[in-house]
Amino acid sequence: MPAIPASTRSSITLRLLLHAKEHWPQLGRLQVTCRGGFAYAAAILPGADEPQPLFRLRYGGSAHSFGFAVYSSATSRYEDTILLTGSPAGTPQEALDTAGTLYAAGIAGTQPPNDLRRQPLRDRKLRR
């Protein structure tokens with residue numbers, strides 16, 4: 001897997017920061033870091049000190065389409081996932097929208113959901 005070129009790293013960072021500011025203010029401050037062929041996005045939620053990992057982009061040679069993996073608090077790993085568009089690859093903004101949508105339910109308490117493995121979601125719905 002090729003390393004992300006410096007110009008693409010800058011582009012990814014700028015695109016994500018602008019998109020987060022405009023569409024996902026509830027995520028607080030977004031951090032973007034690049035290592036090798038990956039770009040990682042984490043949010044410092046309002047009132048929190050530690051960054052919450054959100055997702056990872058996998059560079060495949062194009063500055064416009066990246067593989068996507070969401071961070072799972074339950075496993076403490078990045079899990080390859082499809083975007084809301086139904087595609088396994090897309091723009092950094094689509095990745096942020098997908099991760100933001102997944103975590104939005106937990107943002108009200110300033111913590112993303114982290115207990116999904118304790119009991120299936122369908123069982124939780126039946127108990128309400």
# chains A, B, ... in the order shown; residues from 1 in each chain; ligands from 1
>>> select_by_dssp(residues="chain A", states="helix (DSSP H, G or I)", output="ChimeraX atom specification")
/A:6-23,25-27,92-107,121-127
>>> write_last_selection(atoms="C-alpha atoms", output="PDB file, in the first residue's frame")
ATOM      1  CA  ALA A   6       2.031  15.219   1.381  1.00  0.00           C
ATOM      2  CA  SER A   7      -0.365  17.148  -0.881  1.00  0.00           C
ATOM      3  CA  THR A   8      -3.093  14.534  -0.357  1.00  0.00           C
ATOM      4  CA  ARG A   9      -2.498  14.518   3.429  1.00  0.00           C
ATOM      5  CA  SER A  10      -3.025  18.294   3.452  1.00  0.00           C
ATOM      6  CA  SER A  11      -6.121  17.975   1.278  1.00  0.00           C
ATOM      7  CA  ILE A  12      -7.656  15.248   3.474  1.00  0.00           C
ATOM      8  CA  THR A  13      -7.039  17.260   6.623  1.00  0.00           C
ATOM      9  CA  LEU A  14      -8.495  20.474   5.233  1.00  0.00           C
ATOM     10  CA  ARG A  15     -11.542  18.737   3.727  1.00  0.00           C
ATOM     11  CA  LEU A  16     -12.322  16.932   6.976  1.00  0.00           C
ATOM     12  CA  LEU A  17     -11.819  19.958   9.232  1.00  0.00           C
ATOM     13  CA  LEU A  18     -14.038  22.165   7.068  1.00  0.00           C
ATOM     14  CA  HIS A  19     -16.728  19.491   6.749  1.00  0.00           C
ATOM     15  CA  ALA A  20     -16.711  18.807  10.490  1.00  0.00           C
ATOM     16  CA  LYS A  21     -16.992  22.493  11.318  1.00  0.00           C
ATOM     17  CA  GLU A  22     -19.935  22.957   8.950  1.00  0.00           C
ATOM     18  CA  HIS A  23     -21.835  19.680   9.430  1.00  0.00           C
ATOM     19  CA  PRO A  25     -20.131  20.734  15.357  1.00  0.00           C
ATOM     20  CA  GLN A  26     -21.310  18.275  18.041  1.00  0.00           C
ATOM     21  CA  LEU A  27     -18.096  16.316  17.476  1.00  0.00           C
ATOM     22  CA  PRO A  92     -13.199  11.795   3.332  1.00  0.00           C
ATOM     23  CA  GLN A  93     -16.397  13.820   3.783  1.00  0.00           C
ATOM     24  CA  GLU A  94     -18.553  10.714   3.175  1.00  0.00           C
ATOM     25  CA  ALA A  95     -16.467   8.862   5.757  1.00  0.00           C
ATOM     26  CA  LEU A  96     -17.014  11.644   8.301  1.00  0.00           C
ATOM     27  CA  ASP A  97     -20.755  11.681   7.595  1.00  0.00           C
ATOM     28  CA  THR A  98     -20.932   7.922   8.099  1.00  0.00           C
ATOM     29  CA  ALA A  99     -18.922   7.951  11.330  1.00  0.00           C
ATOM     30  CA  GLY A 100     -20.799  11.012  12.608  1.00  0.00           C
ATOM     31  CA  THR A 101     -24.120   9.314  11.954  1.00  0.00           C
ATOM     32  CA  LEU A 102     -22.999   6.144  13.748  1.00  0.00           C
ATOM     33  CA  TYR A 103     -21.800   8.059  16.805  1.00  0.00           C
ATOM     34  CA  ALA A 104     -24.540  10.709  16.853  1.00  0.00           C
ATOM     35  CA  ALA A 105     -26.825   8.623  19.041  1.00  0.00           C
ATOM     36  CA  GLY A 106     -24.210   8.585  21.797  1.00  0.00           C
ATOM     37  CA  ILE A 107     -23.109  12.204  21.507  1.00  0.00           C
ATOM     38  CA  LEU A 121     -29.746  -3.907  19.780  1.00  0.00           C
ATOM     39  CA  ARG A 122     -32.949  -5.759  18.914  1.00  0.00           C
ATOM     40  CA  ASP A 123     -33.211  -7.056  22.499  1.00  0.00           C
ATOM     41  CA  ARG A 124     -32.788  -3.525  23.868  1.00  0.00           C
ATOM     42  CA  LYS A 125     -35.650  -2.246  21.733  1.00  0.00           C
ATOM     43  CA  LEU A 126     -37.986  -4.970  23.011  1.00  0.00           C
ATOM     44  CA  ARG A 127     -37.326  -4.058  26.644  1.00  0.00           C
TER      45      ARG A 127
END
>>> closest_atom_pairs(of="segment 81-100 of chain A", to="segment 66-75 of chain A", cutoff="6 Å", atoms="only C-alpha atoms", output="CSV")
residue,atom,partner,partner_atom,distance
A:Thr81,CA,A:Ala69,CA,5.2
A:Ala89,CA,A:Gly67,CA,4.4
A:Gly90,CA,A:Phe66,CA,5.3
>>> select_by_dssp(residues="chain A", states="strand (DSSP E)", output="short mmCIF file (atom, residue, chain, number, x, y, z; two decimals) with C-alpha atoms, in the first residue's frame")
data_model
loop_
_atom_site.label_atom_id
_atom_site.label_comp_id
_atom_site.auth_asym_id
_atom_site.auth_seq_id
_atom_site.Cartn_x
_atom_site.Cartn_y
_atom_site.Cartn_z
CA ARG A 29 -12.61 19.46 17.68
CA LEU A 30 -11.51 17.04 14.96
CA GLN A 31 -7.96 15.68 14.81
CA VAL A 32 -6.56 14.18 11.61
CA THR A 33 -3.28 12.28 11.56
CA CYS A 34 -1.64 10.38 8.71
CA ARG A 35 0.72 7.43 8.97
CA PHE A 38 -3.72 5.57 6.44
CA ALA A 39 -5.39 8.75 7.66
CA TYR A 40 -7.03 8.64 11.11
CA ALA A 41 -9.78 10.94 12.37
CA ALA A 42 -10.59 11.43 16.05
CA ALA A 43 -12.88 13.87 17.83
CA ILE A 44 -12.27 15.66 21.09
CA GLN A 52 -12.27 9.58 20.62
CA PRO A 53 -11.14 7.67 17.50
CA LEU A 54 -13.80 7.82 14.79
CA PHE A 55 -12.52 6.25 11.59
CA ARG A 56 -9.60 5.40 9.36
CA LEU A 57 -9.14 6.07 5.67
CA ARG A 58 -7.05 3.71 3.54
CA TYR A 59 -5.20 5.34 0.66
CA PHE A 66 -10.46 6.01 0.17
CA GLY A 67 -11.27 2.75 1.89
CA PHE A 68 -13.20 3.23 5.11
CA ALA A 69 -13.01 1.59 8.54
CA VAL A 70 -14.93 2.78 11.59
CA TYR A 71 -13.42 2.59 15.06
CA SER A 72 -15.17 0.13 17.36
CA ARG A 77 -10.01 -1.79 16.56
CA TYR A 78 -10.86 -0.30 13.20
CA GLU A 79 -13.44 -2.40 11.36
CA ASP A 80 -13.85 -2.19 7.58
CA ALA A 89 -14.78 3.49 -0.58
CA GLY A 90 -15.51 7.18 -0.93
#
>>> atom_distance(atom1="atom CA of Gly86 of chain A", atom2="atom CA of His64 of chain A")
16.4 Å
>>> decode(residues="segment 52-71 of chain A", atoms="N, CA, C and O atoms", output="JSON list (two decimals), in the first residue's frame")
[["chain", "number", "residue", "atom", "x", "y", "z"],
["A", 52, "GLN", "N", -11.50, 10.79, 20.90],
["A", 52, "GLN", "CA", -12.27, 9.58, 20.62],
["A", 52, "GLN", "C", -12.02, 9.20, 19.16],
["A", 52, "GLN", "O", -12.42, 9.92, 18.26],
["A", 53, "PRO", "N", -11.34, 8.07, 18.90],
["A", 53, "PRO", "CA", -11.14, 7.67, 17.50],
["A", 53, "PRO", "C", -12.48, 7.49, 16.80],
["A", 53, "PRO", "O", -13.43, 6.94, 17.38],
["A", 54, "LEU", "N", -12.57, 7.95, 15.56],
["A", 54, "LEU", "CA", -13.80, 7.82, 14.79],
["A", 54, "LEU", "C", -13.65, 6.84, 13.64],
["A", 54, "LEU", "O", -14.43, 5.91, 13.51],
["A", 55, "PHE", "N", -12.67, 7.10, 12.77],
["A", 55, "PHE", "CA", -12.52, 6.25, 11.59],
["A", 55, "PHE", "C", -11.13, 6.34, 11.03],
["A", 55, "PHE", "O", -10.33, 7.18, 11.42],
["A", 56, "ARG", "N", -10.87, 5.44, 10.07],
["A", 56, "ARG", "CA", -9.60, 5.40, 9.36],
["A", 56, "ARG", "C", -9.87, 5.34, 7.88],
["A", 56, "ARG", "O", -10.77, 4.63, 7.42],
["A", 57, "LEU", "N", -9.10, 6.12, 7.12],
["A", 57, "LEU", "CA", -9.14, 6.07, 5.67],
["A", 57, "LEU", "C", -7.94, 5.29, 5.17],
["A", 57, "LEU", "O", -6.84, 5.46, 5.68],
["A", 58, "ARG", "N", -8.15, 4.48, 4.15],
["A", 58, "ARG", "CA", -7.05, 3.71, 3.54],
["A", 58, "ARG", "C", -6.80, 4.28, 2.15],
["A", 58, "ARG", "O", -7.69, 4.31, 1.31],
["A", 59, "TYR", "N", -5.58, 4.75, 1.94],
["A", 59, "TYR", "CA", -5.20, 5.34, 0.66],
["A", 59, "TYR", "C", -4.94, 4.22, -0.35],
["A", 59, "TYR", "O", -4.23, 3.27, -0.08],
["A", 60, "GLY", "N", -5.52, 4.38, -1.53],
["A", 60, "GLY", "CA", -5.33, 3.39, -2.59],
["A", 60, "GLY", "C", -4.76, 3.98, -3.86],
["A", 60, "GLY", "O", -4.80, 3.35, -4.91],
["A", 61, "GLY", "N", -4.24, 5.20, -3.78],
["A", 61, "GLY", "CA", -3.65, 5.83, -4.96],
["A", 61, "GLY", "C", -4.45, 6.99, -5.51],
["A", 61, "GLY", "O", -3.98, 7.72, -6.37],
["A", 62, "SER", "N", -5.66, 7.20, -5.01],
["A", 62, "SER", "CA", -6.50, 8.30, -5.48],
["A", 62, "SER", "C", -6.74, 9.27, -4.35],
["A", 62, "SER", "O", -7.00, 8.87, -3.21],
["A", 63, "ALA", "N", -6.70, 10.56, -4.66],
["A", 63, "ALA", "CA", -6.96, 11.58, -3.65],
["A", 63, "ALA", "C", -8.46, 11.80, -3.44],
["A", 63, "ALA", "O", -8.85, 12.60, -2.60],
["A", 64, "HIS", "N", -9.28, 11.06, -4.17],
["A", 64, "HIS", "CA", -10.73, 11.29, -4.10],
["A", 64, "HIS", "C", -11.52, 10.09, -3.58],
["A", 64, "HIS", "O", -12.71, 10.21, -3.32],
["A", 65, "SER", "N", -10.88, 8.95, -3.46],
["A", 65, "SER", "CA", -11.59, 7.76, -3.01],
["A", 65, "SER", "C", -10.70, 6.96, -2.07],
["A", 65, "SER", "O", -9.57, 6.60, -2.43],
["A", 66, "PHE", "N", -11.22, 6.69, -0.88],
["A", 66, "PHE", "CA", -10.46, 6.01, 0.17],
["A", 66, "PHE", "C", -11.29, 4.86, 0.73],
["A", 66, "PHE", "O", -12.51, 4.96, 0.83],
["A", 67, "GLY", "N", -10.60, 3.80, 1.15],
["A", 67, "GLY", "CA", -11.27, 2.75, 1.89],
["A", 67, "GLY", "C", -11.65, 3.29, 3.26],
["A", 67, "GLY", "O", -11.05, 4.25, 3.76],
["A", 68, "PHE", "N", -12.64, 2.69, 3.87],
["A", 68, "PHE", "CA", -13.20, 3.23, 5.11],
["A", 68, "PHE", "C", -13.29, 2.14, 6.18],
["A", 68, "PHE", "O", -13.74, 1.03, 5.91],
["A", 69, "ALA", "N", -12.85, 2.47, 7.38],
["A", 69, "ALA", "CA", -13.01, 1.59, 8.54],
["A", 69, "ALA", "C", -13.41, 2.45, 9.73],
["A", 69, "ALA", "O", -12.80, 3.47, 10.00],
["A", 70, "VAL", "N", -14.45, 2.05, 10.42],
["A", 70, "VAL", "CA", -14.93, 2.78, 11.59],
["A", 70, "VAL", "C", -14.26, 2.19, 12.83],
["A", 70, "VAL", "O", -13.94, 1.01, 12.88],
["A", 71, "TYR", "N", -14.02, 3.05, 13.82],
["A", 71, "TYR", "CA", -13.42, 2.59, 15.06],
["A", 71, "TYR", "C", -14.51, 1.98, 15.94],
["A", 71, "TYR", "O", -15.56, 2.57, 16.15]]
